[in-house]
Amino acid sequence: MRRVAFVLGVIVVVAALSYAGLIVLFETSGEVVAVRTVDADESPYESRLWVVDVDGRAYLRTGNAESRWLANMRSHPTVTITRGGVAKAYLATPVADVGVRDRVNAATAEKYGIAESFLRVAVLDAEHTIPVQLDPITE
């Protein structure tokens with residue numbers, strides 16, 4: 001019984017360290033923006049995500065169609081992005097076009113290098129990512 005508990009403990013520690021390592025890799029591999037969305041109850045929710053520029057437009061991307069920030073954007077498409085210390089309002093639109101998805105994936109791979117490669121091996125299926133186009137809202 002002790003051996004089973006020890007093995008389970010080791011598995012939990014390794015999983016926790018792997019997750020922590022992934023977060024550190026994500027945060028230190030390039031530009032990370034703060035994305036502020038609004039939950040269903042109107043409370044703010046902030047995520048930290050990679051951003052790329054493709055064809056003169058900014059894009060976010062997710063590999064999880066059920067991600068909280070994406071669900072929030074679908075309900076409330078006006079978001080605030082803090083990039084380079086400057087907060088701006090954007091209209092966020094998920095894009096279903098495969099060509100856009102492929103260009104966003106390629107730009108992400110080029111910009112984030114080994115961190116993106118690691119994500120693709122560990123958890124991300126590039127063929128099922130969802131790009132989100134960000135269009136600035138001007139007042």
# chains A, B, ... in the order shown; residues from 1 in each chain; ligands from 1

$ residues_around --residues "region 81-93 of chain A" --least-positions-apart "5" --cutoff "8 Å" --atoms "only C-alpha atoms" --output "list in words"
Val32, Val33, Ala34, Val35, Arg36, Met73, Arg74, Val132, Gln133, Leu134, Asp135, Pro136 and Ile137 of chain A

$ write_last_selection --atoms "N, CA, C and O atoms" --output "PDB file, in the first residue's frame"
ATOM      1  N   VAL A  32       3.256  38.125 -24.496  1.00  0.00           N
ATOM      2  CA  VAL A  32       2.031  37.644 -23.875  1.00  0.00           C
ATOM      3  C   VAL A  32       1.171  38.875 -23.584  1.00  0.00           C
ATOM      4  O   VAL A  32       1.665  39.854 -23.027  1.00  0.00           O
ATOM      5  N   VAL A  33      -0.092  38.811 -23.983  1.00  0.00           N
ATOM      6  CA  VAL A  33      -0.989  39.933 -23.750  1.00  0.00           C
ATOM      7  C   VAL A  33      -2.016  39.561 -22.683  1.00  0.00           C
ATOM      8  O   VAL A  33      -2.329  38.389 -22.487  1.00  0.00           O
ATOM      9  N   ALA A  34      -2.523  40.574 -22.009  1.00  0.00           N
ATOM     10  CA  ALA A  34      -3.616  40.373 -21.059  1.00  0.00           C
ATOM     11  C   ALA A  34      -4.915  40.591 -21.818  1.00  0.00           C
ATOM     12  O   ALA A  34      -5.092  41.604 -22.505  1.00  0.00           O
ATOM     13  N   VAL A  35      -5.807  39.628 -21.710  1.00  0.00           N
ATOM     14  CA  VAL A  35      -7.094  39.673 -22.410  1.00  0.00           C
ATOM     15  C   VAL A  35      -8.191  39.720 -21.361  1.00  0.00           C
ATOM     16  O   VAL A  35      -8.321  38.797 -20.560  1.00  0.00           O
ATOM     17  N   ARG A  36      -8.942  40.788 -21.375  1.00  0.00           N
ATOM     18  CA  ARG A  36     -10.033  40.925 -20.402  1.00  0.00           C
ATOM     19  C   ARG A  36     -11.360  40.722 -21.122  1.00  0.00           C
ATOM     20  O   ARG A  36     -11.712  41.460 -22.036  1.00  0.00           O
ATOM     21  N   MET A  73     -15.963  35.576 -25.087  1.00  0.00           N
ATOM     22  CA  MET A  73     -15.911  36.394 -26.307  1.00  0.00           C
ATOM     23  C   MET A  73     -17.107  36.145 -27.210  1.00  0.00           C
ATOM     24  O   MET A  73     -17.598  37.049 -27.861  1.00  0.00           O
ATOM     25  N   ARG A  74     -17.544  34.907 -27.245  1.00  0.00           N
ATOM     26  CA  ARG A  74     -18.713  34.598 -28.086  1.00  0.00           C
ATOM     27  C   ARG A  74     -19.959  35.309 -27.553  1.00  0.00           C
ATOM     28  O   ARG A  74     -20.798  35.772 -28.331  1.00  0.00           O
ATOM     29  N   VAL A 132      -8.790  33.845 -33.324  1.00  0.00           N
ATOM     30  CA  VAL A 132      -9.746  34.910 -32.966  1.00  0.00           C
ATOM     31  C   VAL A 132      -9.159  36.217 -33.470  1.00  0.00           C
ATOM     32  O   VAL A 132      -8.100  36.656 -33.033  1.00  0.00           O
ATOM     33  N   GLN A 133      -9.856  36.806 -34.426  1.00  0.00           N
ATOM     34  CA  GLN A 133      -9.423  38.072 -35.025  1.00  0.00           C
ATOM     35  C   GLN A 133      -9.781  39.222 -34.102  1.00  0.00           C
ATOM     36  O   GLN A 133     -10.883  39.275 -33.552  1.00  0.00           O
ATOM     37  N   LEU A 134      -8.846  40.145 -33.949  1.00  0.00           N
ATOM     38  CA  LEU A 134      -9.056  41.324 -33.111  1.00  0.00           C
ATOM     39  C   LEU A 134      -9.095  42.570 -33.971  1.00  0.00           C
ATOM     40  O   LEU A 134      -8.112  42.907 -34.623  1.00  0.00           O
ATOM     41  N   ASP A 135     -10.242  43.230 -33.997  1.00  0.00           N
ATOM     42  CA  ASP A 135     -10.384  44.480 -34.744  1.00  0.00           C
ATOM     43  C   ASP A 135     -10.537  45.620 -33.748  1.00  0.00           C
ATOM     44  O   ASP A 135     -11.454  45.608 -32.917  1.00  0.00           O
ATOM     45  N   PRO A 136      -9.639  46.623 -33.832  1.00  0.00           N
ATOM     46  CA  PRO A 136      -9.710  47.735 -32.875  1.00  0.00           C
ATOM     47  C   PRO A 136     -11.044  48.473 -32.976  1.00  0.00           C
ATOM     48  O   PRO A 136     -11.596  48.650 -34.045  1.00  0.00           O
ATOM     49  N   ILE A 137     -11.531  48.857 -31.820  1.00  0.00           N
ATOM     50  CA  ILE A 137     -12.755  49.666 -31.758  1.00  0.00           C
ATOM     51  C   ILE A 137     -12.315  51.113 -31.591  1.00  0.00           C
ATOM     52  O   ILE A 137     -11.631  51.457 -30.627  1.00  0.00           O
TER      53      ILE A 137
END

$ residues_around --residues "region 45-56 of chain A" --least-positions-apart "5" --cutoff "8 Å" --atoms "only C-alpha atoms" --output "number ranges by chain"
A: 30-39, 61, 69, 103-104, 107-108, 111

$ write_last_selection --atoms "C-alpha atoms" --output "PDB file, in the first residue's frame"
ATOM      1  CA  GLY A  30       7.643  35.788 -26.240  1.00  0.00           C
ATOM      2  CA  GLU A  31       4.926  38.390 -26.218  1.00  0.00           C
ATOM      3  CA  VAL A  32       2.031  37.644 -23.875  1.00  0.00           C
ATOM      4  CA  VAL A  33      -0.989  39.933 -23.750  1.00  0.00           C
ATOM      5  CA  ALA A  34      -3.616  40.373 -21.059  1.00  0.00           C
ATOM      6  CA  VAL A  35      -7.094  39.673 -22.410  1.00  0.00           C
ATOM      7  CA  ARG A  36     -10.033  40.925 -20.402  1.00  0.00           C
ATOM      8  CA  THR A  37     -13.400  39.385 -21.182  1.00  0.00           C
ATOM      9  CA  VAL A  38     -16.722  39.419 -19.348  1.00  0.00           C
ATOM     10  CA  ASP A  39     -18.289  36.335 -17.754  1.00  0.00           C
ATOM     11  CA  ARG A  61      -5.691  31.447 -30.770  1.00  0.00           C
ATOM     12  CA  TRP A  69     -12.199  33.244 -22.490  1.00  0.00           C
ATOM     13  CA  ARG A 103      -1.531  31.342 -41.357  1.00  0.00           C
ATOM     14  CA  VAL A 104      -2.110  32.092 -37.652  1.00  0.00           C
ATOM     15  CA  ALA A 107       2.905  32.915 -37.493  1.00  0.00           C
ATOM     16  CA  THR A 108       2.636  31.523 -33.958  1.00  0.00           C
ATOM     17  CA  LYS A 111       7.130  33.911 -33.290  1.00  0.00           C
TER      18      LYS A 111
END

$ atom_distance --atom1 "CA of Thr138 (chain A)" --atom2 "CA of His76 (chain A)"
17.2 Å

$ closest_residue --among "A:Ala65, A:Leu70, A:Ile130, A:Val79" --to "Asn105 (chain A)" --atoms "only C-alpha atoms"
A:Ile130

$ closest_residue --among "A:Asp41, A:Ile114, A:Pro94, A:Gly63" --to "Pro77 (chain A)" --atoms "only C-alpha atoms"
A:Pro94

$ select_by_dssp --residues "region 17-130 of chain A" --states "alpha helix (DSSP H)" --output "number ranges by chain"
A: 17-28, 68-75, 98-122

$ residues_around --residues "Glu127 (chain A)" --least-positions-apart "4" --cutoff "12 Å" --atoms "only C-alpha atoms" --output "number ranges by chain"
A: 61-64, 96-106, 120, 131

$ write_last_selection --atoms "N, CA and C atoms" --output "PDB file, in the first residue's frame"
ATOM      1  N   ARG A  61      -5.401  32.801 -30.300  1.00  0.00           N
ATOM      2  CA  ARG A  61      -5.691  31.447 -30.770  1.00  0.00           C
ATOM      3  C   ARG A  61      -5.905  30.533 -29.579  1.00  0.00           C
ATOM      4  N   THR A  62      -6.812  29.582 -29.736  1.00  0.00           N
ATOM      5  CA  THR A  62      -7.000  28.571 -28.706  1.00  0.00           C
ATOM      6  C   THR A  62      -7.061  27.198 -29.358  1.00  0.00           C
ATOM      7  N   GLY A  63      -6.652  26.207 -28.611  1.00  0.00           N
ATOM      8  CA  GLY A  63      -6.795  24.825 -29.026  1.00  0.00           C
ATOM      9  C   GLY A  63      -7.939  24.155 -28.294  1.00  0.00           C
ATOM     10  N   ASN A  64      -8.640  24.933 -27.481  1.00  0.00           N
ATOM     11  CA  ASN A  64      -9.722  24.400 -26.665  1.00  0.00           C
ATOM     12  C   ASN A  64     -11.009  25.165 -26.969  1.00  0.00           C
ATOM     13  N   ALA A  96     -13.502  30.787 -38.699  1.00  0.00           N
ATOM     14  CA  ALA A  96     -13.584  29.377 -39.080  1.00  0.00           C
ATOM     15  C   ALA A  96     -12.766  29.052 -40.328  1.00  0.00           C
ATOM     16  N   ASP A  97     -12.262  30.049 -41.028  1.00  0.00           N
ATOM     17  CA  ASP A  97     -11.530  29.850 -42.277  1.00  0.00           C
ATOM     18  C   ASP A  97     -10.225  29.083 -42.033  1.00  0.00           C
ATOM     19  N   VAL A  98     -10.069  27.948 -42.712  1.00  0.00           N
ATOM     20  CA  VAL A  98      -8.895  27.087 -42.534  1.00  0.00           C
ATOM     21  C   VAL A  98      -7.616  27.806 -42.974  1.00  0.00           C
ATOM     22  N   GLY A  99      -7.704  28.608 -44.027  1.00  0.00           N
ATOM     23  CA  GLY A  99      -6.531  29.350 -44.490  1.00  0.00           C
ATOM     24  C   GLY A  99      -6.031  30.325 -43.435  1.00  0.00           C
ATOM     25  N   VAL A 100      -6.963  31.029 -42.796  1.00  0.00           N
ATOM     26  CA  VAL A 100      -6.584  31.949 -41.716  1.00  0.00           C
ATOM     27  C   VAL A 100      -5.981  31.148 -40.569  1.00  0.00           C
ATOM     28  N   ARG A 101      -6.633  30.038 -40.199  1.00  0.00           N
ATOM     29  CA  ARG A 101      -6.110  29.192 -39.115  1.00  0.00           C
ATOM     30  C   ARG A 101      -4.674  28.766 -39.407  1.00  0.00           C
ATOM     31  N   ASP A 102      -4.420  28.329 -40.620  1.00  0.00           N
ATOM     32  CA  ASP A 102      -3.078  27.865 -40.972  1.00  0.00           C
ATOM     33  C   ASP A 102      -2.055  29.002 -40.941  1.00  0.00           C
ATOM     34  N   ARG A 103      -2.454  30.198 -41.404  1.00  0.00           N
ATOM     35  CA  ARG A 103      -1.531  31.342 -41.357  1.00  0.00           C
ATOM     36  C   ARG A 103      -1.256  31.769 -39.912  1.00  0.00           C
ATOM     37  N   VAL A 104      -2.288  31.744 -39.072  1.00  0.00           N
ATOM     38  CA  VAL A 104      -2.110  32.092 -37.652  1.00  0.00           C
ATOM     39  C   VAL A 104      -1.226  31.050 -36.977  1.00  0.00           C
ATOM     40  N   ASN A 105      -1.434  29.780 -37.259  1.00  0.00           N
ATOM     41  CA  ASN A 105      -0.573  28.735 -36.693  1.00  0.00           C
ATOM     42  C   ASN A 105       0.877  28.911 -37.133  1.00  0.00           C
ATOM     43  N   ALA A 106       1.087  29.214 -38.414  1.00  0.00           N
ATOM     44  CA  ALA A 106       2.454  29.403 -38.926  1.00  0.00           C
ATOM     45  C   ALA A 106       3.113  30.617 -38.272  1.00  0.00           C
ATOM     46  N   ARG A 120       2.644  21.825 -29.300  1.00  0.00           N
ATOM     47  CA  ARG A 120       2.080  20.935 -30.329  1.00  0.00           C
ATOM     48  C   ARG A 120       2.352  19.475 -30.001  1.00  0.00           C
ATOM     49  N   PRO A 131      -8.597  30.461 -34.442  1.00  0.00           N
ATOM     50  CA  PRO A 131      -8.051  31.820 -34.378  1.00  0.00           C
ATOM     51  C   PRO A 131      -9.168  32.808 -34.042  1.00  0.00           C
TER      52      PRO A 131
END

$ atom_distance --atom1 "CA of Arg68 (chain A)" --atom2 "CA of Glu110 (chain A)"
26.2 Å

$ select_by_dssp --residues "region 55-95 of chain A" --states "strand (DSSP E)" --output "JSON, numbers by chain"
{"A": [57, 58, 59, 60, 61, 62, 78, 79, 80, 81, 82, 83, 86, 87, 88, 89, 90, 91, 92, 93, 94]}
